[in-house]
Every structure is written in structure tokens, then in C-alpha cells.
$ cat my_file.pdb   # PDB, C-alpha atoms
ATOM      1  CA  MET C   1      29.812 -18.130   6.640
ATOM      2  CA  ALA C   2      26.114 -17.475   7.172
ATOM      3  CA  GLY C   3      24.414 -14.678   5.305
ATOM      4  CA  ILE C   4      23.753 -11.596   7.447
ATOM      5  CA  LYS C   5      20.629  -9.501   6.941
ATOM      6  CA  ARG C   6      22.477  -6.251   7.648
ATOM      7  CA  LEU C   7      24.729  -7.060   4.688
ATOM      8  CA  ARG C   8      21.862  -7.355   2.226
ATOM      9  CA  LYS C   9      21.928  -4.884  -0.640
ATOM     10  CA  LEU C  10      20.052  -3.953  -3.822
ATOM     11  CA  GLN C  11      21.999  -2.331  -6.645
ATOM     12  CA  LEU C  12      20.608  -1.011  -9.935
ATOM     13  CA  GLY C  13      22.033  -0.343 -13.384
ATOM     14  CA  LYS C  14      20.323   1.249 -16.404
ATOM     15  CA  GLU C  15      20.344  -1.090 -19.408
ATOM     16  CA  SER C  16      21.565   0.402 -22.686
ATOM     17  CA  THR C  17      19.925  -2.465 -24.573
ATOM     18  CA  ALA C  18      16.781  -3.839 -22.949
ATOM     19  CA  GLY C  19      17.499  -7.331 -21.638
ATOM     20  CA  THR C  20      21.291  -7.079 -21.778
ATOM     21  CA  ALA C  21      22.669  -7.115 -18.231
ATOM     22  CA  VAL C  22      24.896  -4.236 -17.117
ATOM     23  CA  PRO C  23      26.978  -3.489 -14.001
ATOM     24  CA  ALA C  24      25.214  -1.630 -11.213
ATOM     25  CA  THR C  25      25.653   2.126 -10.873
ATOM     26  CA  THR C  26      23.640   2.954  -7.746
ATOM     27  CA  ILE C  27      22.251   1.488  -4.528
ATOM     28  CA  TRP C  28      18.536   1.370  -3.760
ATOM     29  CA  ARG C  29      17.874   3.051  -0.405
ATOM     30  CA  GLY C  30      15.284   0.498   0.675
ATOM     31  CA  THR C  31      14.637  -3.194   1.226
ATOM     32  CA  GLY C  32      13.509  -6.198  -0.790
ATOM     33  CA  THR C  33      14.813  -9.549  -2.024
ATOM     34  CA  LEU C  34      14.975 -11.146  -5.463
ATOM     35  CA  GLU C  35      12.758 -14.159  -6.113
ATOM     36  CA  ASP C  36      13.441 -16.766  -8.786
ATOM     37  CA  GLN C  37      10.054 -17.703 -10.272
ATOM     38  CA  ARG C  38      11.212 -20.049 -13.022
ATOM     39  CA  GLY C  39       8.747 -22.751 -14.000
ATOM     40  CA  MET C  40       9.335 -26.390 -13.083
ATOM     41  CA  TYR C  41       7.469 -29.078 -15.044
ATOM     42  CA  PHE C  42       7.368 -32.718 -13.906
ATOM     43  CA  PRO C  43       5.950 -34.974 -16.674
ATOM     44  CA  ASP C  44       3.524 -37.752 -15.820
ATOM     45  CA  GLU C  45       4.579 -41.044 -17.441
ATOM     46  CA  ASP C  46       3.847 -44.784 -17.396
ATOM     47  CA  ILE C  47       7.266 -46.443 -17.313
ATOM     48  CA  GLY C  48       6.858 -49.448 -14.953
ATOM     49  CA  TYR C  49       7.874 -47.769 -11.686
ATOM     50  CA  ILE C  50       5.659 -47.349  -8.638
ATOM     51  CA  ALA C  51       7.985 -44.678  -7.307
ATOM     52  CA  PRO C  52       8.238 -41.363  -9.134
ATOM     53  CA  VAL C  53      11.376 -41.161 -11.277
ATOM     54  CA  ASN C  54      13.455 -38.007 -11.419
ATOM     55  CA  ARG C  55      12.565 -36.123 -14.584
ATOM     56  CA  ALA C  56      11.900 -32.398 -14.802
ATOM     57  CA  VAL C  57      12.308 -29.501 -17.177
ATOM     58  CA  THR C  58      12.363 -25.717 -16.824
ATOM     59  CA  PRO C  59      10.015 -24.446 -19.583
ATOM     60  CA  TYR C  60      10.508 -20.738 -18.806
ATOM     61  CA  THR C  61      12.395 -18.343 -16.546
ATOM     62  CA  LEU C  62      11.060 -15.359 -14.645
ATOM     63  CA  GLY C  63      12.129 -13.236 -11.713
ATOM     64  CA  SER C  64      10.526 -10.711  -9.406
ATOM     65  CA  LEU C  65      11.413  -8.188  -6.751
ATOM     66  CA  ASP C  66       8.911  -6.820  -4.274
ATOM     67  CA  LEU C  67      10.310  -3.465  -3.205
ATOM     68  CA  ASP C  68       9.163  -3.090   0.369
ATOM     69  CA  GLU C  69       7.432   0.111   1.423
ATOM     70  CA  VAL C  70      10.078   2.722   2.254
ATOM     71  CA  PRO C  71      10.154   6.530   2.462
ATOM     72  CA  ALA C  72       9.868   8.061  -1.004
ATOM     73  CA  THR C  73      12.681  10.425  -1.971
ATOM     74  CA  PHE C  74      13.054  13.073  -4.657
ATOM     75  CA  GLU C  75      16.179  11.325  -5.928
ATOM     76  CA  GLN C  76      15.021   7.694  -6.156
ATOM     77  CA  LEU C  77      11.285   7.818  -6.856
ATOM     78  CA  PRO C  78      12.112   8.437 -10.559
ATOM     79  CA  TYR C  79      13.646   4.946 -10.802
ATOM     80  CA  ILE C  80      10.257   3.340 -10.230
ATOM     81  CA  LEU C  81       8.578   5.835 -12.564
ATOM     82  CA  ALA C  82      11.145   5.198 -15.316
ATOM     83  CA  MET C  83      10.523   1.447 -15.017
ATOM     84  CA  GLY C  84       6.742   1.767 -14.723
ATOM     85  CA  VAL C  85       5.457   4.861 -16.542
ATOM     86  CA  ASP C  86       7.869   6.249 -19.136
ATOM     87  CA  GLY C  87      11.571   5.574 -19.630
ATOM     88  CA  VAL C  88      12.874   9.022 -18.643
ATOM     89  CA  VAL C  89      16.278   8.812 -16.932
ATOM     90  CA  THR C  90      17.709  12.238 -17.863
ATOM     91  CA  GLY C  91      16.317  15.449 -16.431
ATOM     92  CA  THR C  92      15.459  18.624 -18.319
ATOM     93  CA  LYS C  93      17.313  21.658 -16.982
ATOM     94  CA  ASP C  94      14.981  24.150 -15.323
ATOM     95  CA  GLY C  95      16.109  27.400 -16.944
ATOM     96  CA  SER C  96      19.198  28.778 -15.205
ATOM     97  CA  GLY C  97      18.454  26.882 -11.986
ATOM     98  CA  THR C  98      20.503  24.049 -10.548
ATOM     99  CA  ASP C  99      17.497  21.726 -10.737
ATOM    100  CA  TYR C 100      16.385  19.209 -13.348
ATOM    101  CA  ILE C 101      12.836  18.142 -14.119
ATOM    102  CA  TYR C 102      11.763  14.522 -14.708
ATOM    103  CA  THR C 103       8.313  14.247 -16.286
ATOM    104  CA  TYR C 104       6.444  10.938 -16.417
ATOM    105  CA  SER C 105       3.227  11.150 -18.435
ATOM    106  CA  PHE C 106       0.888   8.190 -18.561
ATOM    107  CA  PRO C 107      -0.108   7.140 -22.110
ATOM    108  CA  THR C 108      -3.183   8.518 -23.879
ATOM    109  CA  THR C 109      -2.962   7.954 -27.652
ATOM    110  CA  ALA C 110       0.562   6.513 -27.953
ATOM    111  CA  LEU C 111       2.256   3.688 -26.080
ATOM    112  CA  LYS C 112       5.065   4.312 -23.606
ATOM    113  CA  THR C 113       8.256   2.288 -23.271
ATOM    114  CA  PRO C 114       9.708   1.616 -19.813
ATOM    115  CA  LYS C 115      13.421   1.880 -19.085
ATOM    116  CA  THR C 116      14.726  -1.545 -18.119
ATOM    117  CA  PHE C 117      17.269  -2.120 -15.376
ATOM    118  CA  THR C 118      19.597  -4.823 -14.140
ATOM    119  CA  ILE C 119      19.143  -5.530 -10.424
ATOM    120  CA  GLU C 120      21.755  -7.061  -8.141
ATOM    121  CA  GLY C 121      20.546  -8.460  -4.819
ATOM    122  CA  GLY C 122      21.843 -10.645  -2.034
ATOM    123  CA  ASP C 123      24.107 -10.580   0.990
ATOM    124  CA  ASN C 124      27.612 -11.611   2.056
ATOM    125  CA  GLU C 125      26.874 -15.264   1.172
ATOM    126  CA  GLN C 126      25.523 -15.016  -2.373
ATOM    127  CA  VAL C 127      24.642 -12.361  -4.929
ATOM    128  CA  GLU C 128      22.008 -12.840  -7.645
ATOM    129  CA  ARG C 129      21.197 -10.768 -10.700
ATOM    130  CA  MET C 130      17.973 -10.037 -12.562
ATOM    131  CA  ALA C 131      18.088  -8.343 -15.966
ATOM    132  CA  TYR C 132      15.341  -6.886 -18.207
ATOM    133  CA  THR C 133      13.558  -5.477 -15.161
ATOM    134  CA  PHE C 134      10.429  -3.318 -15.400
ATOM    135  CA  CYS C 135       7.747  -2.228 -12.932
ATOM    136  CA  GLU C 136       4.402  -4.019 -12.957
ATOM    137  CA  SER C 137       2.750  -1.982 -10.190
ATOM    138  CA  PHE C 138       3.605   0.619  -7.556
ATOM    139  CA  LYS C 139       2.045   2.575  -4.729
ATOM    140  CA  ILE C 140       2.778   6.071  -3.436
ATOM    141  CA  SER C 141       1.124   7.059  -0.173
ATOM    142  CA  GLY C 142       1.317   9.531   2.662
ATOM    143  CA  LYS C 143      -0.273  10.307   5.998
ATOM    144  CA  SER C 144       0.034  13.029   8.602
ATOM    145  CA  LYS C 145       3.294  13.224  10.600
ATOM    146  CA  GLU C 146       5.053  10.750   8.294
ATOM    147  CA  PRO C 147       7.103  10.803   5.065
ATOM    148  CA  TRP C 148       5.559   9.757   1.782
ATOM    149  CA  MET C 149       6.016   6.030   1.239
ATOM    150  CA  VAL C 150       6.616   4.050  -1.941
ATOM    151  CA  SER C 151       6.589   0.358  -2.823
ATOM    152  CA  GLY C 152       6.637  -1.543  -6.085
ATOM    153  CA  LYS C 153       6.476  -4.894  -7.854
ATOM    154  CA  LEU C 154       9.340  -5.389 -10.329
ATOM    155  CA  ILE C 155       9.502  -8.159 -12.933
ATOM    156  CA  GLY C 156      12.634  -9.446 -14.640
ATOM    157  CA  ASN C 157      13.671 -12.023 -17.216
ATOM    158  CA  SER C 158      15.422 -14.442 -14.860
ATOM    159  CA  VAL C 159      17.332 -14.638 -11.590
ATOM    160  CA  ASP C 160      20.834 -16.081 -11.801
ATOM    161  CA  VAL C 161      23.831 -16.290  -9.486
ATOM    162  CA  LEU C 162      26.338 -13.484 -10.025
ATOM    163  CA  ALA C 163      29.567 -15.351  -9.315
ATOM    164  CA  ALA C 164      31.658 -12.186  -9.224
ATOM    165  CA  GLY C 165      29.486 -10.696  -6.485
ATOM    166  CA  PHE C 166      28.158  -7.160  -6.284
ATOM    167  CA  THR C 167      29.528  -4.569  -8.678
ATOM    168  CA  SER C 168      32.205  -2.864  -6.592
ATOM    169  CA  GLY C 169      32.768   0.828  -6.053
ATOM    170  CA  VAL C 170      29.108   1.847  -6.219
ATOM    171  CA  SER C 171      28.557   4.918  -4.047
ATOM    172  CA  LEU C 172      25.682   5.255  -1.614
ATOM    173  CA  PRO C 173      23.498   8.058  -3.019
ATOM    174  CA  SER C 174      22.324  11.028  -0.968
ATOM    175  CA  VAL C 175      18.548  11.311  -0.776
ATOM    176  CA  GLU C 176      15.890  13.595   0.698
ATOM    177  CA  GLU C 177      12.551  12.257   1.890
ATOM    178  CA  ILE C 178       9.255  13.739   0.711
ATOM    179  CA  LEU C 179       7.355  14.769   3.854
ATOM    180  CA  PHE C 180       3.596  14.746   4.258
ATOM    181  CA  GLN C 181       3.567  17.883   6.400
ATOM    182  CA  LYS C 182       5.136  19.802   3.481
ATOM    183  CA  THR C 183       2.492  18.514   1.073
ATOM    184  CA  LYS C 184      -0.200  20.635  -0.584
ATOM    185  CA  LEU C 185      -3.516  19.482  -2.075
ATOM    186  CA  TYR C 186      -5.112  21.254  -5.045
ATOM    187  CA  ILE C 187      -8.519  20.464  -6.565
ATOM    188  CA  ASP C 188      -9.764  22.312  -9.666
ATOM    189  CA  ALA C 189     -12.481  22.183 -12.293
ATOM    190  CA  VAL C 190     -11.575  20.571 -15.610
ATOM    191  CA  ASN C 191     -12.071  23.895 -17.405
ATOM    192  CA  GLY C 192      -9.536  25.495 -15.058
ATOM    193  CA  THR C 193      -5.798  25.062 -14.483
ATOM    194  CA  ILE C 194      -4.534  22.181 -12.410
ATOM    195  CA  GLY C 195      -2.660  23.265  -9.287
ATOM    196  CA  THR C 196      -4.520  26.571  -8.899
ATOM    197  CA  THR C 197      -6.951  26.057  -6.002
ATOM    198  CA  GLN C 198      -5.237  24.878  -2.842
ATOM    199  CA  VAL C 199      -7.354  22.990  -0.310
ATOM    200  CA  VAL C 200      -5.744  24.065   2.956
ATOM    201  CA  CYS C 201      -5.445  21.993   6.150
ATOM    202  CA  THR C 202      -7.875  19.317   4.957
ATOM    203  CA  LEU C 203      -5.911  16.294   3.704
ATOM    204  CA  TYR C 204      -5.052  13.647   6.325
ATOM    205  CA  GLU C 205      -3.956  10.770   4.114
ATOM    206  CA  PHE C 206      -3.633   9.657   0.497
ATOM    207  CA  SER C 207      -2.651   6.579  -1.486
ATOM    208  CA  LEU C 208      -2.050   6.328  -5.229
ATOM    209  CA  ASP C 209      -2.187   2.751  -6.528
ATOM    210  CA  VAL C 210      -0.940   2.142 -10.054
ATOM    211  CA  THR C 211      -1.034  -0.995 -12.163
ATOM    212  CA  THR C 212       1.262   0.128 -14.954
ATOM    213  CA  GLY C 213      -0.142  -2.022 -17.762
ATOM    214  CA  PHE C 214       3.323  -3.356 -18.570
ATOM    215  CA  THR C 215       3.433  -7.165 -18.730
ATOM    216  CA  ALA C 216       5.935  -9.800 -19.803
ATOM    217  CA  THR C 217       5.212 -11.468 -23.147
ATOM    218  CA  PHE C 218       6.233 -15.115 -23.520
ATOM    219  CA  ALA C 219       6.394 -16.219 -27.153
ATOM    220  CA  ALA C 220       8.676 -18.511 -29.152
ATOM    221  CA  ASN C 221      11.929 -16.599 -29.502
ATOM    222  CA  GLY C 222      14.766 -19.064 -28.919
ATOM    223  CA  ALA C 223      15.141 -18.262 -25.207
ATOM    224  CA  LEU C 224      13.450 -19.245 -21.932
ATOM    225  CA  GLY C 225      12.805 -15.701 -20.743
ATOM    226  CA  PHE C 226      10.095 -13.347 -21.983
ATOM    227  CA  CYS C 227      10.822 -11.826 -25.373
ATOM    228  CA  LYS C 228       9.243  -8.383 -24.955
ATOM    229  CA  ILE C 229       7.354  -6.088 -22.601
ATOM    230  CA  ASN C 230       3.766  -5.521 -23.629
ATOM    231  CA  ALA C 231       2.292  -2.063 -22.969
ATOM    232  CA  GLY C 232      -1.328  -2.333 -21.873
ATOM    233  CA  VAL C 233      -3.845  -0.046 -20.195
ATOM    234  CA  PRO C 234      -2.763   1.486 -16.867
ATOM    235  CA  ASP C 235      -5.118   1.347 -13.907
ATOM    236  CA  ILE C 236      -4.716   4.346 -11.571
ATOM    237  CA  LYS C 237      -6.697   4.827  -8.371
ATOM    238  CA  LEU C 238      -6.406   7.553  -5.754
ATOM    239  CA  HIS C 239      -7.747   7.290  -2.226
ATOM    240  CA  LEU C 240      -8.033  10.410  -0.057
ATOM    241  CA  VAL C 241      -8.925  10.942   3.586
ATOM    242  CA  PHE C 242      -9.885  14.523   4.280
ATOM    243  CA  GLU C 243     -11.583  16.575   6.977
ATOM    244  CA  HIS C 244     -15.343  16.925   6.790
ATOM    245  CA  ASN C 245     -15.559  20.620   5.907
ATOM    246  CA  SER C 246     -16.870  22.832   3.127
ATOM    247  CA  SER C 247     -14.191  21.611   0.704
ATOM    248  CA  SER C 248     -14.900  17.915   1.168
ATOM    249  CA  THR C 249     -18.671  18.398   1.116
ATOM    250  CA  SER C 250     -18.241  20.220  -2.214
ATOM    251  CA  GLU C 251     -16.404  17.180  -3.540
ATOM    252  CA  LYS C 252     -19.194  14.964  -2.253
ATOM    253  CA  ALA C 253     -21.580  17.040  -4.363
ATOM    254  CA  ASN C 254     -19.246  16.635  -7.356
ATOM    255  CA  TRP C 255     -19.402  12.878  -6.821
ATOM    256  CA  ARG C 256     -23.184  12.892  -6.785
ATOM    257  CA  ASN C 257     -23.318  15.088  -9.879
ATOM    258  CA  ILE C 258     -20.656  13.034 -11.742
ATOM    259  CA  THR C 259     -18.535  16.171 -12.154
ATOM    260  CA  PRO C 260     -14.953  15.498 -13.308
ATOM    261  CA  ARG C 261     -12.124  17.124 -11.339
ATOM    262  CA  LEU C 262      -8.413  17.862 -11.547
ATOM    263  CA  ILE C 263      -6.306  16.889  -8.524
ATOM    264  CA  ARG C 264      -2.695  17.753  -7.699
ATOM    265  CA  ILE C 265      -0.837  16.434  -4.669
ATOM    266  CA  LYS C 266       2.366  18.444  -4.357
ATOM    267  CA  GLY C 267       5.279  17.487  -2.123
ATOM    268  CA  GLU C 268       8.051  20.034  -1.593
ATOM    269  CA  GLY C 269      11.495  19.754  -0.042
ATOM    270  CA  SER C 270      14.596  21.879   0.435
ATOM    271  CA  SER C 271      15.415  24.875  -1.742
ATOM    272  CA  PHE C 272      17.684  24.480  -4.754
ATOM    273  CA  THR C 273      21.114  26.046  -4.748
ATOM    274  CA  THR C 274      19.771  28.276  -7.523
ATOM    275  CA  GLY C 275      16.041  28.315  -8.174
ATOM    276  CA  GLY C 276      14.849  27.500 -11.669
ATOM    277  CA  THR C 277      12.174  28.961 -13.905
ATOM    278  CA  LYS C 278       9.500  26.481 -12.782
ATOM    279  CA  TYR C 279      10.679  25.221  -9.401
ATOM    280  CA  GLN C 280      12.479  26.808  -6.459
ATOM    281  CA  LYS C 281      12.433  23.694  -4.269
ATOM    282  CA  LYS C 282      12.683  19.962  -4.692
ATOM    283  CA  THR C 283       9.192  18.996  -5.818
ATOM    284  CA  CYS C 284       7.029  16.008  -6.662
ATOM    285  CA  ASN C 285       3.659  16.656  -8.311
ATOM    286  CA  LEU C 286       1.067  13.901  -8.614
ATOM    287  CA  ASP C 287      -1.362  15.245 -11.241
ATOM    288  CA  MET C 288      -4.518  13.508 -12.386
ATOM    289  CA  ALA C 289      -7.921  14.016 -13.929
ATOM    290  CA  GLY C 290     -10.925  11.856 -13.236
ATOM    291  CA  LEU C 291     -14.179  11.275 -11.396
ATOM    292  CA  TRP C 292     -15.074  10.429  -7.828
ATOM    293  CA  GLU C 293     -16.025   6.767  -7.761
ATOM    294  CA  LYS C 294     -17.171   6.640  -4.144
ATOM    295  CA  ILE C 295     -17.223   8.889  -1.092
ATOM    296  CA  ASP C 296     -17.887   6.962   2.098
ATOM    297  CA  LYS C 297     -20.002   7.786   5.102
ATOM    298  CA  LEU C 298     -18.548   9.919   7.890
ATOM    299  CA  GLY C 299     -15.525   8.615   9.748
ATOM    300  CA  GLU C 300     -13.497  10.047  12.607
ATOM    301  CA  ASN C 301      -9.921  11.209  13.182
ATOM    302  CA  ASN C 302      -8.905  12.467  16.630
ATOM    303  CA  GLY C 303     -12.396  13.738  17.287
ATOM    304  CA  ASN C 304     -12.858  15.365  13.871
ATOM    305  CA  ASP C 305     -15.263  13.964  11.306
ATOM    306  CA  VAL C 306     -13.569  12.845   8.078
ATOM    307  CA  LEU C 307     -14.590  11.643   4.629
ATOM    308  CA  GLU C 308     -12.805   8.989   2.564
ATOM    309  CA  GLY C 309     -13.037   9.162  -1.190
ATOM    310  CA  ASP C 310     -11.985   6.937  -4.091
ATOM    311  CA  PHE C 311     -11.000   8.862  -7.217
ATOM    312  CA  ARG C 312     -10.959   7.014 -10.541
ATOM    313  CA  VAL C 313      -8.246   8.506 -12.734
ATOM    314  CA  ALA C 314      -9.234   8.849 -16.397
ATOM    315  CA  TYR C 315      -8.560  11.111 -19.366
ATOM    316  CA  ASP C 316     -10.713  14.230 -19.520
ATOM    317  CA  PRO C 317     -11.263  15.752 -22.997
ATOM    318  CA  THR C 318     -12.105  19.215 -21.647
ATOM    319  CA  ALA C 319      -8.879  19.497 -19.680
ATOM    320  CA  ALA C 320      -6.931  17.364 -22.185
ATOM    321  CA  LYS C 321      -5.326  15.693 -19.161
ATOM    322  CA  TYR C 322      -4.957  12.171 -17.812
ATOM    323  CA  ALA C 323      -2.177  11.544 -15.287
ATOM    324  CA  GLU C 324       1.375  12.761 -14.872
ATOM    325  CA  ILE C 325       4.038  12.609 -12.183
ATOM    326  CA  GLU C 326       6.767  15.234 -12.223
ATOM    327  CA  VAL C 327       9.846  15.273 -10.009
ATOM    328  CA  ALA C 328      12.342  18.116  -9.671
ATOM    329  CA  ASN C 329      15.711  17.412  -8.068
ATOM    330  CA  GLN C 330      19.340  18.339  -8.659
ATOM    331  CA  LEU C 331      20.410  15.206 -10.577
ATOM    332  CA  THR C 332      21.292  15.750 -14.233
ATOM    333  CA  SER C 333      20.427  12.068 -14.797
ATOM    334  CA  LEU C 334      19.610   9.011 -12.727
ATOM    335  CA  PRO C 335      22.944   7.520 -11.548
TER     336      PRO C 335
END
$ encode --input "my_file.pdb" --output "C-alpha cells"
Amino acid sequence: MAGIKRLRKLQLGKESTAGTAVPATTIWRGTGTLEDQRGMYFPDEDIGYIAPVNRAVTPYTLGSLDLDEVPATFEQLPYILAMGVDGVVTGTKDGSGTDYIYTYSFPTTALKTPKTFTIEGGDNEQVERMAYTFCESFKISGKSKEPWMVSGKLIGNSVDVLAAGFTSGVSLPSVEEILFQKTKLYIDAVNGTIGTTQVVCTLYEFSLDVTTGFTATFAANGALGFCKINAGVPDIKLHLVFEHNSSSTSEKANWRNITPRLIRIKGEGSSFTTGGTKYQKKTCNLDMAGLWEKIDKLGENNGNDVLEGDFRVAYDPTAAKYAEIEVANQLTSLP
């Protein structure tokens, strides 16, 4: 029987021991396909044949999964953050509320360790599995009249056929999309408190591009796959499109004066059954310190002048802040 696209599926399982495959425990509410990127080496040799002679070796194995851009949700965005920022998979209870807080802080003086996952992917014809999976890069973006979107590049140790097929009995999780129209933008001075000064009715679009700094390390270790995940320096860039008004012209002045700023992009959703001490609604905060790298010349959006700015995220000693993403939902832990 031919494989059917509508029967494709991606399932995830949290690994107890990094690199040891586990059964799946949830379904990714998005799209993407596993790619086997194992190396193939064909030696050159002088053996008396004009025709090439079959001889090849696989010197290493590697797999990847490009998670296509899909609406970001309060329930599943933490999977990418756990694989690409910090390995948090259990929420912290928010006081007496029914919500739990997942905090993903980018490294400053100590390295972070990602949570690795086993990914199952395929269709009704064949199922493959990729273990020791981490996130190499991801993007979170949003624009007016649309949900936030998320995509990511995942790397794994190898891609192999899962003869038994998908792990059975995995329930389809309920999710809630993060909506741009329910988003708030805050910009503050580094000697102030992040999330204090809301910039109202100004933001049209944003994109946060993150290269996590996590890379696969191939060294002699008795196996073809990579032997560890190296934690390097993250690269975080924020791009904003905002109305040309007094707020954006102030930021243009901050760019010219090389004045560091604190930015929070806050997405809110439905109210919790019982509000907590910190949050009353499902929330995702994108917090960052840094400097404006470039603010472009005037553009236009539906007849209004707009400015586009590139914000370089970096640690600020005055604020003692770098970058952090916090998500509040009602999951005690990631399924």
C-alpha cells in the first residue's frame, strides 16, 4: 500500500538517559519529516577495473528533522525550548493556582543541558525513529491578525526503521494557540524593571531567531553516532516592525546613542481555572536585554509609516539580564 500524507505523524518521548531511545508519549501538533543524513564514503582505488566496483562504508550516522512553521501553542512550545535552551520538562506550581510555570533561561556564566527526545516519524507505509534529539535552532514569530508561529531544526544521532511501527495508544494533546492580537510589547531602560512600560498599538510584526549553540560532537567513542552534545554560545536576534510614532522614534534615538534596552513580548491566552500568584492567564513571555543593531529607513503598512529594527540580544550588567522565555500553562509536566 502506498504511503498517504494524511497518515503522517510525529511522536515524541522524553529520554530518561540521553541517547537511549524511549517509546513516544505525545504527538507533535505540526508537520515535518525525518531525514537520514548518514555519511557514505566511496574509496578511490586502483584495482584493474575500468568500471567502478561496489565498495562503500558508512563512517558516521546523523539524523535531522525540520519542524515546519506551525502555530505556536502554550502547551507545545516548551518542547522546543527544553530541547534548545534548558532541559526543563516539569513546571513549577504557581502558588495556589491551577497553572504551572516553565522557565527557560539562556546561559550566562554556566552551561545549560538540553533535554533529549526520541522522535518517531513516518506514515502508514513505514515508521522511522531518531533518538538523542536536540534543537540546533528555532524561530518564533508573529504578525497582525495571525497566531504566533514556531519552527525548528532538530538533530538526532541516527534515523532507523522502527519495525514495530508507531508507539500505540498515544493521545492527541489539547493545545491553545498564542495569538498576535492578544500580544503586548514592553520596552524599558536597563536600570528599570522589564515588563513595566507597555508600548500600546505600535507593534505590527516580530521574529525571534535563535541559534541555540548546541552542536553534535563526533569523537572516537565506539559508535557511529555523535558521542555528546556540545554547549556553545547562543546567537539570538530579534526583528521588530512597528508604527512610526513617538515610541519608535525614541528607540531610533536609543539606537543612535547606543543605549541598551529591555524588551518583553508577552502573549496571553485563556484564563486559568484558578489564577496563580504570578499569572492569571496562559502566558508566554519573551524577555531579552540588548542593543539596537540597525533601524531601517521608513517603510509603509496600509498607508501608515513603519520602522523595522534589528535588536541584538546580549547580557547587560546593569540589568543583570540576558534572555529568558517563560511559559505558563496548566500542564504539571510535558507529556
$ atom_distance --input "my_file.pdb" --atom1 "CA of Ser137 in chain C" --atom2 "CA of Tyr41 in chain C"
27.9 Å
$ atom_distance --input "my_file.pdb" --atom1 "CA of Trp255 in chain C" --atom2 "CA of Gly267 in chain C"
25.5 Å
$ resolve_selection --input "my_file.pdb" --expression "the PyMOL selection byres ((chain C and resi 207) around 10)" --output "number ranges by chain"
C: 139-143, 148-150, 205-206, 208-210, 237-241, 310
$ residues_around --input "my_file.pdb" --residues "Thr20 in chain C" --least-positions-apart "2" --cutoff "12 Å" --atoms "all atoms listed in the file" --output "mmCIF file with C-alpha atoms, in the coordinates of the input"
data_model
loop_
_atom_site.group_PDB
_atom_site.id
_atom_site.type_symbol
_atom_site.label_atom_id
_atom_site.label_comp_id
_atom_site.auth_asym_id
_atom_site.auth_seq_id
_atom_site.Cartn_x
_atom_site.Cartn_y
_atom_site.Cartn_z
ATOM 1 C CA GLY C 13 22.033 -0.343 -13.384
ATOM 2 C CA LYS C 14 20.323 1.249 -16.404
ATOM 3 C CA GLU C 15 20.344 -1.090 -19.408
ATOM 4 C CA SER C 16 21.565 0.402 -22.686
ATOM 5 C CA THR C 17 19.925 -2.465 -24.573
ATOM 6 C CA ALA C 18 16.781 -3.839 -22.949
ATOM 7 C CA VAL C 22 24.896 -4.236 -17.117
ATOM 8 C CA PRO C 23 26.978 -3.489 -14.001
ATOM 9 C CA THR C 116 14.726 -1.545 -18.119
ATOM 10 C CA PHE C 117 17.269 -2.120 -15.376
ATOM 11 C CA THR C 118 19.597 -4.823 -14.140
ATOM 12 C CA ILE C 119 19.143 -5.530 -10.424
ATOM 13 C CA ARG C 129 21.197 -10.768 -10.700
ATOM 14 C CA MET C 130 17.973 -10.037 -12.562
ATOM 15 C CA ALA C 131 18.088 -8.343 -15.966
ATOM 16 C CA TYR C 132 15.341 -6.886 -18.207
ATOM 17 C CA THR C 133 13.558 -5.477 -15.161
ATOM 18 C CA GLY C 156 12.634 -9.446 -14.640
ATOM 19 C CA ASN C 157 13.671 -12.023 -17.216
ATOM 20 C CA SER C 158 15.422 -14.442 -14.860
#
$ closest_residue --input "my_file.pdb" --among "C:Val306, C:Leu185, C:Ala216, C:Pro71" --to "Gly19 in chain C" --atoms "all atoms listed in the file"
C:Ala216
$ residues_around --input "my_file.pdb" --residues "Pro43 in chain C" --least-positions-apart "3" --cutoff "12 Å" --atoms "all atoms listed in the file" --output "PDB file with C-alpha atoms, keeping the file's coordinate frame"
ATOM      1  CA  MET C  40       9.335 -26.390 -13.083  1.00  0.00           C
ATOM      2  CA  ASP C  46       3.847 -44.784 -17.396  1.00  0.00           C
ATOM      3  CA  ILE C  47       7.266 -46.443 -17.313  1.00  0.00           C
ATOM      4  CA  PRO C  52       8.238 -41.363  -9.134  1.00  0.00           C
ATOM      5  CA  VAL C  53      11.376 -41.161 -11.277  1.00  0.00           C
ATOM      6  CA  ASN C  54      13.455 -38.007 -11.419  1.00  0.00           C
ATOM      7  CA  ARG C  55      12.565 -36.123 -14.584  1.00  0.00           C
ATOM      8  CA  ALA C  56      11.900 -32.398 -14.802  1.00  0.00           C
ATOM      9  CA  VAL C  57      12.308 -29.501 -17.177  1.00  0.00           C
ATOM     10  CA  THR C  58      12.363 -25.717 -16.824  1.00  0.00           C
ATOM     11  CA  PRO C  59      10.015 -24.446 -19.583  1.00  0.00           C
TER      12      PRO C  59
END
$ closest_residue --input "my_file.pdb" --among "C:Leu307, C:Leu7, C:Met288, C:Leu12" --to "Lys115 in chain C" --atoms "all atoms listed in the file"
C:Leu12
$ closest_residue --input "my_file.pdb" --among "C:Tyr60, C:Trp28, C:Phe180, C:Phe106" --to "Lys145 in chain C" --atoms "all atoms listed in the file"
C:Phe180
$ build_atoms --input "my_file.pdb" --residues "range 194-203 of chain C" --atoms "N, CA and C atoms" --output "compact mmCIF listing (two decimals), keeping the file's coordinate frame"
# COMPACT_ATOMS: atom_id res chain seq x y z
N ILE C 194 -4.90 23.06 -13.51
CA ILE C 194 -4.53 22.18 -12.41
C ILE C 194 -3.48 22.85 -11.53
N GLY C 195 -3.62 22.68 -10.21
CA GLY C 195 -2.66 23.26 -9.29
C GLY C 195 -2.95 24.71 -8.94
N THR C 196 -4.17 25.17 -9.17
CA THR C 196 -4.52 26.57 -8.90
C THR C 196 -5.18 26.74 -7.54
N THR C 197 -6.15 25.89 -7.21
CA THR C 197 -6.95 26.06 -6.00
C THR C 197 -6.46 25.13 -4.89
N GLN C 198 -5.75 25.70 -3.93
CA GLN C 198 -5.24 24.88 -2.84
C GLN C 198 -6.33 24.63 -1.80
N VAL C 199 -6.42 23.38 -1.37
CA VAL C 199 -7.35 22.99 -0.31
C VAL C 199 -6.52 22.89 0.97
N VAL C 200 -6.66 23.89 1.82
CA VAL C 200 -5.74 24.06 2.96
C VAL C 200 -6.20 23.27 4.18
N CYS C 201 -5.25 22.63 4.84
CA CYS C 201 -5.44 21.99 6.15
C CYS C 201 -6.65 21.06 6.15
N THR C 202 -6.74 20.22 5.10
CA THR C 202 -7.88 19.32 4.96
C THR C 202 -7.45 17.87 4.76
N LEU C 203 -6.34 17.65 4.05
CA LEU C 203 -5.91 16.29 3.70
C LEU C 203 -5.19 15.63 4.88
